[in-house]
>>> print(open('final09.txt').read())   # compact mmCIF, C-alpha atoms
# COMPACT_ATOMS: atom_id res chain seq x y z
CA MET A 1 0.00 0.00 0.00
CA THR A 2 1.22 3.50 -0.83
CA GLY A 3 1.75 5.50 2.33
CA ILE A 4 2.02 9.23 2.94
CA LEU A 5 4.91 10.44 5.10
CA TRP A 6 3.70 13.64 6.79
CA LEU A 7 6.76 15.74 7.62
CA ARG A 8 6.82 18.64 10.07
CA ARG A 9 9.77 19.17 12.45
CA ASP A 10 11.44 15.92 11.41
CA LEU A 11 13.25 16.82 8.20
CA ARG A 12 15.72 13.94 7.95
CA LEU A 13 16.14 10.48 6.48
CA ALA A 14 18.43 8.92 9.12
CA ASP A 15 16.86 7.56 12.29
CA GLN A 16 13.42 8.46 10.96
CA THR A 17 11.00 5.92 12.41
CA ALA A 18 7.99 7.23 10.50
CA LEU A 19 9.87 6.87 7.20
CA ALA A 20 11.00 3.33 8.10
CA ALA A 21 7.42 2.31 8.94
CA ALA A 22 6.05 3.84 5.74
CA MET A 23 8.68 2.00 3.68
CA ALA A 24 7.65 -1.29 5.30
CA ASP A 25 4.14 -0.74 3.88
CA GLY A 26 5.28 -0.05 0.31
CA PRO A 27 5.79 3.08 -1.83
CA VAL A 28 6.18 6.34 0.10
CA VAL A 29 5.01 9.86 -0.74
CA PRO A 30 6.89 12.32 1.52
CA VAL A 31 4.95 15.56 1.94
CA TYR A 32 5.60 18.81 3.76
CA ILE A 33 2.60 21.10 4.24
CA LEU A 34 3.07 24.79 4.91
CA ASP A 35 0.15 25.23 7.29
CA ASP A 36 -0.16 28.78 8.61
CA GLU A 37 -3.81 28.28 9.55
CA THR A 38 -3.59 25.57 12.21
CA PRO A 39 -0.98 27.34 14.43
CA LYS A 40 -2.84 30.67 14.12
CA HIS A 41 -0.73 33.25 16.00
CA ARG A 42 1.98 30.59 16.41
CA ARG A 43 2.82 30.45 12.74
CA MET A 44 6.57 30.28 12.22
CA GLY A 45 8.51 33.49 12.61
CA GLY A 46 10.72 35.05 9.98
CA ALA A 47 13.99 33.42 11.04
CA SER A 48 12.39 29.96 11.20
CA ARG A 49 10.95 30.42 7.73
CA TRP A 50 14.41 31.24 6.39
CA TRP A 51 15.71 28.01 7.92
CA LEU A 52 12.74 26.01 6.67
CA HIS A 53 13.35 27.07 3.06
CA HIS A 54 16.92 25.82 3.09
CA SER A 55 16.12 22.70 5.09
CA LEU A 56 13.40 21.67 2.66
CA ALA A 57 15.73 22.28 -0.30
CA SER A 58 18.35 20.06 1.34
CA LEU A 59 15.83 17.32 2.14
CA ALA A 60 14.48 17.40 -1.42
CA ARG A 61 17.99 16.75 -2.77
CA ASP A 62 18.50 13.85 -0.35
CA LEU A 63 15.18 12.31 -1.28
CA GLU A 64 15.96 12.57 -4.99
CA ALA A 65 19.29 10.83 -4.40
CA ALA A 66 17.31 7.97 -2.80
CA GLY A 67 14.92 7.72 -5.76
CA SER A 68 12.12 9.69 -4.11
CA ARG A 69 10.70 13.22 -4.09
CA LEU A 70 9.51 15.83 -1.64
CA ILE A 71 5.94 16.96 -2.28
CA LEU A 72 5.16 20.49 -1.13
CA ARG A 73 1.58 21.60 -0.51
CA ARG A 74 0.08 24.58 1.30
CA GLY A 75 -3.07 24.78 3.44
CA ARG A 76 -4.69 23.22 6.47
CA CYS A 77 -3.02 19.89 7.18
CA GLU A 78 -6.09 17.71 7.52
CA ASP A 79 -7.59 19.05 4.28
CA VAL A 80 -4.38 18.76 2.28
CA LEU A 81 -3.63 15.26 3.53
CA ALA A 82 -7.20 14.11 2.85
CA ALA A 83 -7.03 15.42 -0.71
CA LEU A 84 -3.60 13.91 -1.28
CA ALA A 85 -4.81 10.55 0.03
CA VAL A 86 -7.63 10.55 -2.53
CA GLU A 87 -5.14 11.38 -5.30
CA MET A 88 -2.87 8.51 -4.28
CA GLY A 89 -5.63 6.01 -3.55
CA THR A 90 -4.56 5.48 0.04
CA THR A 91 -5.74 6.18 3.55
CA ARG A 92 -2.54 5.65 5.54
CA VAL A 93 -0.40 8.48 6.86
CA HIS A 94 2.79 7.97 8.87
CA ALA A 95 4.20 10.81 10.99
CA LEU A 96 6.38 11.52 13.99
CA ARG A 97 4.45 12.59 17.08
CA HIS A 98 4.59 16.30 17.99
CA TYR A 99 3.60 17.97 21.27
CA GLU A 100 2.87 21.61 20.44
CA PRO A 101 -0.85 22.14 21.15
CA TRP A 102 -1.66 23.08 17.55
CA TRP A 103 0.04 19.94 16.20
CA ARG A 104 -1.80 17.75 18.68
CA ASN A 105 -5.05 19.34 17.47
CA ALA A 106 -4.00 18.69 13.87
CA GLU A 107 -3.17 15.06 14.63
CA ARG A 108 -6.63 14.54 16.11
CA ALA A 109 -8.24 16.16 13.07
CA VAL A 110 -6.24 14.04 10.61
CA ALA A 111 -6.99 10.85 12.57
CA LYS A 112 -10.73 11.47 12.16
CA ARG A 113 -10.36 11.34 8.36
CA LEU A 114 -7.41 9.05 7.69
CA ASN A 115 -5.49 6.14 9.17
CA LEU A 116 -2.85 8.19 10.97
CA VAL A 117 -0.01 6.14 12.44
CA LEU A 118 2.15 8.15 14.85
CA HIS A 119 5.71 7.24 15.79
CA ASP A 120 8.28 8.50 18.28
CA GLY A 121 11.78 9.72 17.54
CA ASN A 122 12.15 13.47 18.00
CA TYR A 123 13.04 13.18 21.70
CA LEU A 124 15.05 10.92 23.97
CA ALA A 125 11.79 9.50 25.32
CA PRO A 126 8.16 10.17 24.36
CA ALA A 127 6.68 13.06 26.31
CA GLY A 128 4.53 11.74 29.12
CA SER A 129 6.38 8.42 29.31
CA VAL A 130 8.76 9.46 32.11
CA THR A 131 6.55 9.23 35.17
CA THR A 132 6.80 9.36 38.94
CA GLY A 133 6.52 6.27 41.14
CA THR A 134 2.76 6.83 41.35
CA GLY A 135 2.39 7.31 37.59
CA GLY A 136 2.16 11.10 37.66
CA GLN A 137 3.96 13.64 35.54
CA TYR A 138 7.07 15.44 36.70
CA LYS A 139 6.92 19.21 36.97
CA ILE A 140 10.44 19.81 38.31
CA PHE A 141 13.44 19.21 36.06
CA THR A 142 15.89 17.56 38.48
CA PRO A 143 13.75 14.53 39.40
CA PHE A 144 12.58 14.34 35.78
CA TRP A 145 16.17 14.18 34.57
CA ARG A 146 17.05 11.47 37.08
CA ALA A 147 14.10 9.38 35.89
CA LEU A 148 14.92 10.00 32.23
CA GLN A 149 18.53 8.92 32.73
CA ALA A 150 17.27 5.61 34.09
CA LYS A 151 15.78 4.98 30.62
CA MET A 152 18.97 5.86 28.79
CA PRO A 153 20.73 5.24 26.52
CA PRO A 154 18.22 5.57 23.70
CA ALA A 155 18.12 2.95 20.96
CA ARG A 156 21.00 3.20 18.52
CA PRO A 157 20.09 5.37 15.54
CA ALA A 158 19.25 3.79 12.21
CA ALA A 159 21.08 4.80 9.05
CA ALA A 160 19.35 6.64 6.23
CA PRO A 161 17.90 4.31 3.58
CA ALA A 162 19.84 4.15 0.32
CA GLN A 163 16.64 3.73 -1.68
CA ILE A 164 13.05 4.72 -0.91
CA PRO A 165 10.24 2.97 -2.81
CA ALA A 166 8.40 5.42 -5.05
CA PRO A 167 4.78 5.44 -6.28
CA ALA A 168 4.05 4.73 -9.94
CA VAL A 169 2.77 8.28 -10.42
CA TRP A 170 3.84 11.31 -8.40
CA PRO A 171 1.33 13.96 -7.30
CA ASP A 172 1.86 17.63 -8.14
CA SER A 173 4.03 19.76 -5.88
CA ASP A 174 4.34 23.49 -5.23
CA PRO A 175 7.66 25.08 -6.22
CA LEU A 176 9.48 25.96 -3.02
CA THR A 177 10.26 29.46 -4.27
CA ASP A 178 6.53 30.19 -4.58
CA TRP A 179 6.18 30.05 -0.81
CA GLY A 180 8.17 33.24 -0.26
CA LEU A 181 9.94 31.98 2.85
CA LEU A 182 13.09 34.01 2.24
CA PRO A 183 13.17 37.71 3.19
CA ASN A 184 13.76 40.44 0.66
CA ARG A 185 13.46 44.22 0.48
CA PRO A 186 15.41 44.21 2.73
CA ASN A 187 17.17 40.88 3.07
CA TRP A 188 17.63 41.00 6.84
CA ALA A 189 18.96 37.42 6.81
CA ALA A 190 22.07 38.22 4.79
CA GLY A 191 24.30 37.15 7.69
CA PHE A 192 22.54 33.82 8.20
CA ASP A 193 24.26 32.16 5.25
CA ALA A 194 27.69 32.53 6.78
CA ALA A 195 26.51 31.23 10.15
CA TRP A 196 24.44 28.20 9.18
CA THR A 197 24.07 25.24 6.83
CA PRO A 198 20.49 24.01 7.31
CA GLY A 199 19.71 20.39 6.52
CA GLU A 200 20.75 16.92 7.58
CA HIS A 201 24.29 17.25 6.25
CA GLY A 202 24.78 20.54 8.06
CA ALA A 203 23.58 18.90 11.27
CA GLN A 204 26.04 16.05 10.90
CA ALA A 205 28.87 18.50 10.26
CA ARG A 206 27.97 20.46 13.41
CA LEU A 207 27.90 17.28 15.46
CA SER A 208 31.27 16.12 14.10
CA ALA A 209 32.83 19.47 14.95
CA PHE A 210 31.39 19.42 18.47
CA VAL A 211 32.31 15.86 19.43
CA ALA A 212 36.02 16.65 19.79
CA ALA A 213 35.29 19.53 22.16
CA ALA A 214 32.36 17.99 24.06
CA ALA A 215 34.43 17.06 27.12
CA GLY A 216 35.04 20.76 27.84
CA TYR A 217 31.42 21.80 27.39
CA GLY A 218 30.69 22.49 31.07
CA GLU A 219 33.07 25.43 31.25
CA ALA A 220 33.21 26.57 27.63
CA ARG A 221 29.42 26.86 27.26
CA ASN A 222 29.42 29.90 29.56
CA LEU A 223 32.03 31.86 27.59
CA PRO A 224 30.40 33.92 24.83
CA GLY A 225 33.77 34.73 23.25
CA VAL A 226 34.62 31.10 22.40
CA VAL A 227 32.85 28.39 20.42
CA GLY A 228 31.86 26.27 23.39
CA THR A 229 28.31 25.26 22.56
CA SER A 230 27.25 22.70 19.98
CA GLY A 231 25.21 24.93 17.66
CA LEU A 232 22.86 21.99 17.18
CA SER A 233 19.69 23.61 18.54
CA PRO A 234 18.14 24.66 15.20
CA HIS A 235 19.04 21.31 13.64
CA LEU A 236 17.33 19.57 16.55
CA HIS A 237 14.30 21.82 16.36
CA PHE A 238 13.73 21.07 12.68
CA GLY A 239 14.46 17.38 13.23
CA GLU A 240 17.44 17.30 10.89
CA ILE A 241 19.20 15.10 13.43
CA SER A 242 17.75 12.89 16.14
CA PRO A 243 18.69 13.33 19.82
CA ALA A 244 19.59 9.63 19.88
CA THR A 245 22.21 10.26 17.20
CA ILE A 246 23.71 13.05 19.29
CA TRP A 247 23.60 11.05 22.51
CA HIS A 248 25.50 8.09 21.06
CA ALA A 249 28.08 10.35 19.39
CA VAL A 250 28.83 12.31 22.57
CA ALA A 251 28.23 9.99 25.56
CA GLY A 252 31.41 8.51 26.96
CA ARG A 253 33.62 11.38 25.82
CA GLY A 254 34.47 12.20 29.44
CA GLY A 255 34.94 15.58 31.03
CA SER A 256 31.70 17.50 31.39
CA VAL A 257 29.75 15.62 28.72
CA ALA A 258 27.10 14.86 31.35
CA THR A 259 26.31 18.58 31.47
CA PHE A 260 25.67 18.61 27.73
CA LEU A 261 23.49 15.50 27.94
CA SER A 262 21.42 17.20 30.63
CA GLU A 263 20.71 19.96 28.10
CA LEU A 264 19.24 17.30 25.81
CA GLY A 265 17.23 16.24 28.85
CA TRP A 266 16.01 19.82 29.35
CA ARG A 267 14.68 19.71 25.79
CA ASP A 268 12.66 16.60 26.69
CA TYR A 269 11.54 18.25 29.92
CA SER A 270 10.12 21.23 28.02
CA GLN A 271 7.93 18.91 25.96
CA ASN A 272 6.61 17.31 29.14
CA VAL A 273 5.74 20.76 30.42
CA ILE A 274 3.75 21.82 27.35
CA LEU A 275 2.05 18.42 27.29
CA GLN A 276 0.74 19.19 30.79
CA PHE A 277 0.25 22.93 30.24
CA PRO A 278 -0.48 23.60 26.55
CA GLU A 279 -0.79 27.36 27.10
CA TYR A 280 2.62 27.64 28.76
CA GLY A 281 3.84 30.03 26.07
CA ALA A 282 1.19 32.59 26.98
CA ALA A 283 0.07 31.98 30.59
CA ASN A 284 1.96 32.39 33.84
CA ALA A 285 2.33 29.08 35.63
CA ARG A 286 2.31 30.93 38.98
CA ALA A 287 -1.04 32.68 39.41
CA PRO A 288 0.24 35.58 41.58
CA PHE A 289 2.19 36.87 38.59
CA ASP A 290 -1.10 37.55 36.82
CA GLN A 291 -1.21 40.62 39.10
CA PHE A 292 2.41 41.65 38.54
CA PRO A 293 2.76 45.38 37.70
CA TRP A 294 4.54 45.06 34.37
CA ARG A 295 5.41 48.41 32.82
CA THR A 296 3.28 49.52 29.89
CA GLY A 297 2.88 52.73 27.93
CA ASP A 298 5.19 54.77 25.74
CA ALA A 299 8.28 54.62 27.97
CA ALA A 300 8.09 50.84 28.24
CA ALA A 301 7.50 50.54 24.49
CA ALA A 302 10.60 52.64 23.82
CA ASP A 303 12.64 50.49 26.20
CA LEU A 304 11.40 47.33 24.49
CA LYS A 305 12.53 48.69 21.11
CA ALA A 306 15.92 49.62 22.55
CA TRP A 307 16.28 46.08 23.91
CA GLN A 308 15.30 44.56 20.57
CA ALA A 309 17.80 46.75 18.72
CA GLY A 310 20.67 46.17 21.15
CA ARG A 311 20.70 49.78 22.38
CA THR A 312 20.28 49.37 26.14
CA GLY A 313 23.68 50.74 27.21
CA TYR A 314 24.60 47.36 28.71
CA PRO A 315 27.27 45.95 26.35
CA ILE A 316 26.70 42.25 27.05
CA VAL A 317 22.95 42.63 26.49
CA ASP A 318 23.43 44.69 23.34
CA ALA A 319 25.96 42.23 21.92
CA GLY A 320 23.53 39.37 22.38
CA MET A 321 20.60 41.16 20.82
CA ARG A 322 22.69 42.20 17.82
CA GLN A 323 24.05 38.68 17.42
CA LEU A 324 20.44 37.49 17.39
CA TRP A 325 19.46 39.91 14.65
CA ALA A 326 22.55 39.17 12.54
CA THR A 327 22.57 35.38 12.81
CA GLY A 328 19.18 34.25 14.12
CA TRP A 329 20.86 32.81 17.22
CA MET A 330 22.24 33.96 20.56
CA HIS A 331 24.74 32.38 22.92
CA ASN A 332 22.89 30.52 25.69
CA ARG A 333 24.50 32.36 28.63
CA VAL A 334 23.74 35.68 26.94
CA ARG A 335 20.13 34.61 26.31
CA MET A 336 19.68 34.30 30.07
CA ILE A 337 21.30 37.69 30.67
CA ALA A 338 19.26 39.43 27.96
CA ALA A 339 16.00 37.81 29.07
CA SER A 340 16.59 38.65 32.72
CA PHE A 341 17.39 42.25 31.76
CA LEU A 342 14.08 42.66 29.91
CA VAL A 343 12.02 41.15 32.69
CA LYS A 344 13.75 42.46 35.82
CA HIS A 345 15.66 45.58 34.80
CA LEU A 346 12.99 46.91 32.45
CA LEU A 347 9.95 45.25 34.10
CA ILE A 348 8.55 44.30 30.70
CA ASP A 349 6.30 41.24 30.52
CA TRP A 350 8.27 38.10 29.64
CA ARG A 351 5.74 37.36 26.89
CA ARG A 352 6.98 40.35 24.89
CA GLY A 353 10.46 38.83 24.94
CA GLU A 354 9.17 35.38 24.08
CA GLU A 355 7.34 36.84 21.07
CA TRP A 356 10.53 38.54 19.86
CA PHE A 357 12.57 35.36 20.21
CA TRP A 358 9.82 33.42 18.43
CA ASP A 359 10.20 35.66 15.39
CA THR A 360 13.98 36.09 15.37
CA LEU A 361 15.48 32.75 16.51
CA VAL A 362 16.26 30.06 13.95
CA ASP A 363 15.82 27.56 16.80
CA ALA A 364 12.54 29.06 18.04
CA ASP A 365 10.84 26.15 19.79
CA TYR A 366 7.53 26.49 21.57
CA GLY A 367 8.41 24.25 24.52
CA SER A 368 11.99 25.39 25.05
CA ASN A 369 11.23 29.07 24.45
CA ALA A 370 8.30 29.10 26.88
CA VAL A 371 10.03 27.06 29.59
CA ASN A 372 13.21 29.15 29.42
CA TRP A 373 11.38 32.48 29.56
CA GLN A 374 9.19 31.40 32.47
CA TRP A 375 12.26 30.03 34.28
CA THR A 376 13.99 33.40 33.94
CA ALA A 377 10.91 35.41 34.87
CA GLY A 378 10.19 33.37 37.97
CA THR A 379 6.69 32.63 36.70
CA GLY A 380 7.22 28.96 35.81
CA ILE A 381 6.43 25.72 37.60
CA ASP A 382 10.20 25.18 37.90
CA SER A 383 11.91 28.55 37.78
CA ASN A 384 14.49 30.92 39.13
CA MET A 385 13.12 33.09 41.96
CA PHE A 386 12.19 36.56 40.73
CA VAL A 387 14.23 38.16 43.52
CA ARG A 388 17.40 36.59 42.11
CA ILE A 389 18.24 39.46 39.77
CA MET A 390 21.10 38.81 37.40
CA ALA A 391 23.73 41.56 37.26
CA PRO A 392 24.63 41.87 33.56
CA LEU A 393 27.76 43.99 34.10
CA SER A 394 29.41 41.56 36.51
CA GLN A 395 28.24 38.61 34.39
CA SER A 396 30.00 40.17 31.41
CA GLU A 397 33.30 40.41 33.24
CA LYS A 398 32.95 37.04 34.97
CA PHE A 399 32.50 35.22 31.68
CA ASP A 400 35.17 37.19 29.81
CA ALA A 401 32.80 38.65 27.20
CA ALA A 402 35.13 41.42 25.98
CA ASP A 403 35.90 39.85 22.59
CA TYR A 404 32.26 38.89 22.15
CA ILE A 405 31.21 42.49 22.76
CA ARG A 406 33.81 43.81 20.31
CA GLN A 407 32.52 41.44 17.65
CA TRP A 408 28.88 42.50 17.89
CA VAL A 409 29.05 46.09 19.16
CA PRO A 410 31.55 47.82 16.86
CA GLU A 411 31.15 51.15 18.67
CA LEU A 412 33.01 49.56 21.59
CA ARG A 413 35.74 47.87 19.58
CA ASP A 414 38.46 50.21 20.81
CA VAL A 415 37.39 50.27 24.46
CA PRO A 416 39.87 48.24 26.54
CA ALA A 417 38.97 45.74 29.20
CA PRO A 418 37.75 46.02 31.89
CA ALA A 419 36.07 49.28 30.81
CA ILE A 420 34.30 47.56 27.90
CA HIS A 421 31.97 45.79 30.33
CA ASP A 422 30.70 49.10 31.75
CA PRO A 423 32.01 52.02 29.68
CA ASP A 424 29.58 54.43 31.37
CA LEU A 425 31.00 53.81 34.82
CA MET A 426 34.59 53.98 33.58
CA GLY A 427 34.03 57.22 31.67
CA GLN A 428 34.87 55.56 28.34
CA ARG A 429 31.52 55.44 26.58
CA PRO A 430 32.20 56.42 22.97
CA ARG A 431 30.01 58.81 21.03
CA GLY A 432 27.20 56.93 19.33
CA TYR A 433 26.83 54.28 22.01
CA PRO A 434 23.80 54.84 24.28
CA SER A 435 23.91 55.46 27.99
CA LYS A 436 22.19 52.93 30.23
CA LEU A 437 18.39 52.82 30.12
CA ILE A 438 18.50 52.44 33.89
CA GLU A 439 21.27 51.91 36.41
CA HIS A 440 21.54 48.40 37.81
CA ARG A 441 21.03 49.49 41.42
CA ASP A 442 17.90 51.45 40.53
CA ALA A 443 16.57 48.60 38.41
CA ARG A 444 17.09 46.12 41.23
CA ALA A 445 15.27 48.31 43.75
CA ARG A 446 12.38 48.85 41.34
CA ALA A 447 12.07 45.13 40.59
CA LEU A 448 12.08 44.15 44.26
CA GLU A 449 9.38 46.71 45.00
CA ALA A 450 7.28 45.40 42.10
CA VAL A 451 7.41 41.80 43.26
CA ARG A 452 6.49 42.83 46.82
CA GLN A 453 3.19 44.11 45.44
CA ILE A 454 2.08 40.58 44.59
CA GLY A 455 3.17 39.12 47.93
>>> encode(input="final09.txt", output="structure tokens")
Amino acid sequence: MTGILWLRRDLRLADQTALAAAMADGPVVPVYILDDETPKHRRMGGASRWWLHHSLASLARDLEAAGSRLILRRGRCEDVLAALAVEMGTTRVHALRHYEPWWRNAERAVAKRLNLVLHDGNYLAPAGSVTTGTGGQYKIFTPFWRALQAKMPPARPAAAPAQIPAPAVWPDSDPLTDWGLLPNRPNWAAGFDAAWTPGEHGAQARLSAFVAAAAGYGEARNLPGVVGTSGLSPHLHFGEISPATIWHAVAGRGGSVATFLSELGWRDYSQNVILQFPEYGAANARAPFDQFPWRTGDAAAADLKAWQAGRTGYPIVDAGMRQLWATGWMHNRVRMIAASFLVKHLLIDWRRGEEWFWDTLVDADYGSNAVNWQWTAGTGIDSNMFVRIMAPLSQSEKFDAADYIRQWVPELRDVPAPAIHDPDLMGQRPRGYPSKLIEHRDARARALEAVRQIG
């Protein structure tokens, strides 16, 4: 029987359980549907769409090399799949399971009309499968991670098939260029090409480069000025590589590899959170924060724009926000600093930051984005306390961010260390670089007073 392979955030051929199952049935029709209707306000942001274009182009080439094709269609998933099934004379659809609330809704809708067979493979363990001794769901990461480790290692990854059985007649496909996923007028993604190689081969190259340095991850990951992180997050988000592939390549390398593996575990944890709390990207997990006095109005709006543009007067924050705009990515340590600054220094609702990251990150992931923002804001089920206010200036010096700042904030290129971390204080702020939106001491006092108002 001809089967349809419904692709979403699983754009790979290796270790692809849905593809393997579809091949066992007979000829396979791989299809990607650009569905902007089902996610509604959660349609992919601009940076993700740039990545998607290149990832689909890469996958199409790989499928052609295996004697297959990638079919592109646009519209609501259940309608497109139902129509395609009629064209192909089939009712069976294979897909990897997804946990974003809109994809779970789509899976239910497709299952009402077709024989939808869901498989696992985008996470170390299926969300909801790591349970407490009484069968409940974990809400706190540390016990979740301990329980997940007890299930590890994951099964060894399967190789990509050399040949994929094709149908006798192929259905029509949209040209990828007709979807308009790439920006123009202006091309704000011009710097993305130098930073990234989307697709399965790019993911494998990133993993190969990281393996040799994985043992030093625990320390290097906190240093913005060095390449200490894996750079695999967008490849993982789009499913161009499986977490099992990464686990088996990295585990046993010694040093602080366990710290890196726990980050893979955090990714699984975020899916468990959104499975329990589908609205986690928009609703405070801690009810008292519904009464928090977030700043609004013109002054707050101006501060938000300054934060987005990397014009806060805090060099480490500005470097991160400019790196984000130039490359679609930000160093993880700097993400925490920049997010904390928005929420606690500027008292701007964490959801405004989450929305900006959703649009500008190439690895924008509903679960990870929501869990990380609520952790930083102190609003999450497992989160940093709001009263723990990160000091961006001392963080910058502690993690030796001088070279990182010089790379992304050219106005400060000639400012020597240690003045580059706080040029205002040291009297070395160059013309053209903004003064601080607010002094750290004043911001801290304001934030503590605000949180007192909600008890």
>>> residues_around(input="final09.txt", residues="region 220-236 of chain A", least_positions_apart="5", cutoff="6 Å", atoms="only C-alpha atoms", output="list in words")
Ala203, Phe210, Ile241, Arg333, Val362, Asp363, Phe399, Ala401, Asp403 and Tyr404 of chain A
>>> write_last_selection(input="final09.txt", atoms="C-alpha atoms", output="PDB file, in the frame of the given file")
ATOM      1  CA  ALA A 203      23.580  18.900  11.270  1.00  0.00           C
ATOM      2  CA  PHE A 210      31.390  19.420  18.470  1.00  0.00           C
ATOM      3  CA  ILE A 241      19.200  15.100  13.430  1.00  0.00           C
ATOM      4  CA  ARG A 333      24.500  32.360  28.630  1.00  0.00           C
ATOM      5  CA  VAL A 362      16.260  30.060  13.950  1.00  0.00           C
ATOM      6  CA  ASP A 363      15.820  27.560  16.800  1.00  0.00           C
ATOM      7  CA  PHE A 399      32.500  35.220  31.680  1.00  0.00           C
ATOM      8  CA  ALA A 401      32.800  38.650  27.200  1.00  0.00           C
ATOM      9  CA  ASP A 403      35.900  39.850  22.590  1.00  0.00           C
ATOM     10  CA  TYR A 404      32.260  38.890  22.150  1.00  0.00           C
TER      11      TYR A 404
END
>>> residues_near_point(input="final09.txt", point="(8.0, 5.8, -3.0)", cutoff="10 Å", atoms="all atoms listed in the file", output="ChimeraX atom specification")
/A:2-5,22-23,26-30,63,66-69,163-170
>>> atom_distance(input="final09.txt", atom1="CA of His421 (chain A)", atom2="CA of Ala319 (chain A)")
10.9 Å
>>> atom_distance(input="final09.txt", atom1="CA of Asp79 (chain A)", atom2="CA of Glu240 (chain A)")
25.9 Å
>>> residues_around(input="final09.txt", residues="Arg311 (chain A)", least_positions_apart="4", cutoff="10 Å", atoms="all atoms listed in the file", output="mmCIF file with C-alpha atoms, in the frame of the given file")
data_model
loop_
_atom_site.group_PDB
_atom_site.id
_atom_site.type_symbol
_atom_site.label_atom_id
_atom_site.label_comp_id
_atom_site.auth_asym_id
_atom_site.auth_seq_id
_atom_site.Cartn_x
_atom_site.Cartn_y
_atom_site.Cartn_z
ATOM 1 C CA ASP A 303 12.640 50.490 26.200
ATOM 2 C CA LEU A 304 11.400 47.330 24.490
ATOM 3 C CA LYS A 305 12.530 48.690 21.110
ATOM 4 C CA ALA A 306 15.920 49.620 22.550
ATOM 5 C CA TRP A 307 16.280 46.080 23.910
ATOM 6 C CA PRO A 315 27.270 45.950 26.350
ATOM 7 C CA VAL A 317 22.950 42.630 26.490
ATOM 8 C CA ASP A 318 23.430 44.690 23.340
ATOM 9 C CA ALA A 319 25.960 42.230 21.920
ATOM 10 C CA MET A 321 20.600 41.160 20.820
ATOM 11 C CA ARG A 322 22.690 42.200 17.820
ATOM 12 C CA VAL A 409 29.050 46.090 19.160
ATOM 13 C CA TYR A 433 26.830 54.280 22.010
ATOM 14 C CA PRO A 434 23.800 54.840 24.280
ATOM 15 C CA SER A 435 23.910 55.460 27.990
ATOM 16 C CA LYS A 436 22.190 52.930 30.230
ATOM 17 C CA LEU A 437 18.390 52.820 30.120
#
>>> closest_residue(input="final09.txt", among="A:Leu182, A:Cys77, A:Ala147, A:Ala127", to="Arg113 (chain A)", atoms="only C-alpha atoms")
A:Cys77
>>> axis_aligned_box(input="final09.txt", around="region 314-322 of chain A", padding_each_side="4 Å", output="lines of an AutoDock Vina configuration file")
center_x = 23.9
center_y = 43.4
center_z = 23.3
size_x = 14.7
size_y = 16.0
size_z = 18.9
>>> residues_around(input="final09.txt", residues="Gly128 (chain A)", least_positions_apart="6", cutoff="9 Å", atoms="all atoms listed in the file", output="count of residues only")
7
>>> atom_distance(input="final09.txt", atom1="CA of Leu56 (chain A)", atom2="CA of Pro278 (chain A)")
27.7 Å
>>> residues_near_point(input="final09.txt", point="(5.2, 33.0, 38.0)", cutoff="12 Å", atoms="all atoms listed in the file", output="PyMOL selection string")
chain A and resi 280+282-292+343+349-351+371+373-387+451+454-455
>>> closest_residue(input="final09.txt", among="A:Ala160, A:Leu148, A:Ala20, A:Leu34", to="His94 (chain A)", atoms="all atoms listed in the file")
A:Ala20
>>> closest_residue(input="final09.txt", among="A:Val130, A:Met1, A:His201, A:Tyr269", to="Gly89 (chain A)", atoms="only C-alpha atoms")
A:Met1
>>> residues_around(input="final09.txt", residues="Ile337 (chain A)", least_positions_apart="5", cutoff="9 Å", atoms="only C-alpha atoms", output="mmCIF file with C-alpha atoms, in the frame of the given file")
data_model
loop_
_atom_site.group_PDB
_atom_site.id
_atom_site.type_symbol
_atom_site.label_atom_id
_atom_site.label_comp_id
_atom_site.auth_asym_id
_atom_site.auth_seq_id
_atom_site.Cartn_x
_atom_site.Cartn_y
_atom_site.Cartn_z
ATOM 1 C CA ILE A 316 26.700 42.250 27.050
ATOM 2 C CA VAL A 317 22.950 42.630 26.490
ATOM 3 C CA GLY A 320 23.530 39.370 22.380
ATOM 4 C CA ASN A 332 22.890 30.520 25.690
ATOM 5 C CA LEU A 342 14.080 42.660 29.910
ATOM 6 C CA MET A 390 21.100 38.810 37.400
ATOM 7 C CA ALA A 391 23.730 41.560 37.260
ATOM 8 C CA PRO A 392 24.630 41.870 33.560
ATOM 9 C CA GLN A 395 28.240 38.610 34.390
#
>>> closest_atom_pairs(input="final09.txt", of="region 6-77 of chain A", to="region 100-111 of chain A", cutoff="9 Å", atoms="all atoms listed in the file", output="Markdown table")
| residue | atom | partner | partner_atom | distance |
| --- | --- | --- | --- | --- |
| A:Thr38 | CA | A:Trp102 | CA | 6.2 |
| A:Pro39 | CA | A:Trp102 | CA | 5.3 |
| A:Lys40 | CA | A:Trp102 | CA | 8.4 |
| A:Arg42 | CA | A:Trp102 | CA | 8.4 |
| A:Arg76 | CA | A:Ala106 | CA | 8.7 |
| A:Cys77 | CA | A:Ala106 | CA | 6.9 |
>>> closest_residue(input="final09.txt", among="A:Pro161, A:Gly239, A:Gly252, A:Trp196", to="Ala24 (chain A)", atoms="all atoms listed in the file")
A:Pro161
>>> closest_residue(input="final09.txt", among="A:His41, A:Arg156, A:Arg295, A:His53", to="Leu176 (chain A)", atoms="all atoms listed in the file")
A:His53
>>> closest_residue(input="final09.txt", among="A:Arg92, A:Arg43, A:Arg206, A:Arg267", to="Phe141 (chain A)", atoms="only C-alpha atoms")
A:Arg267
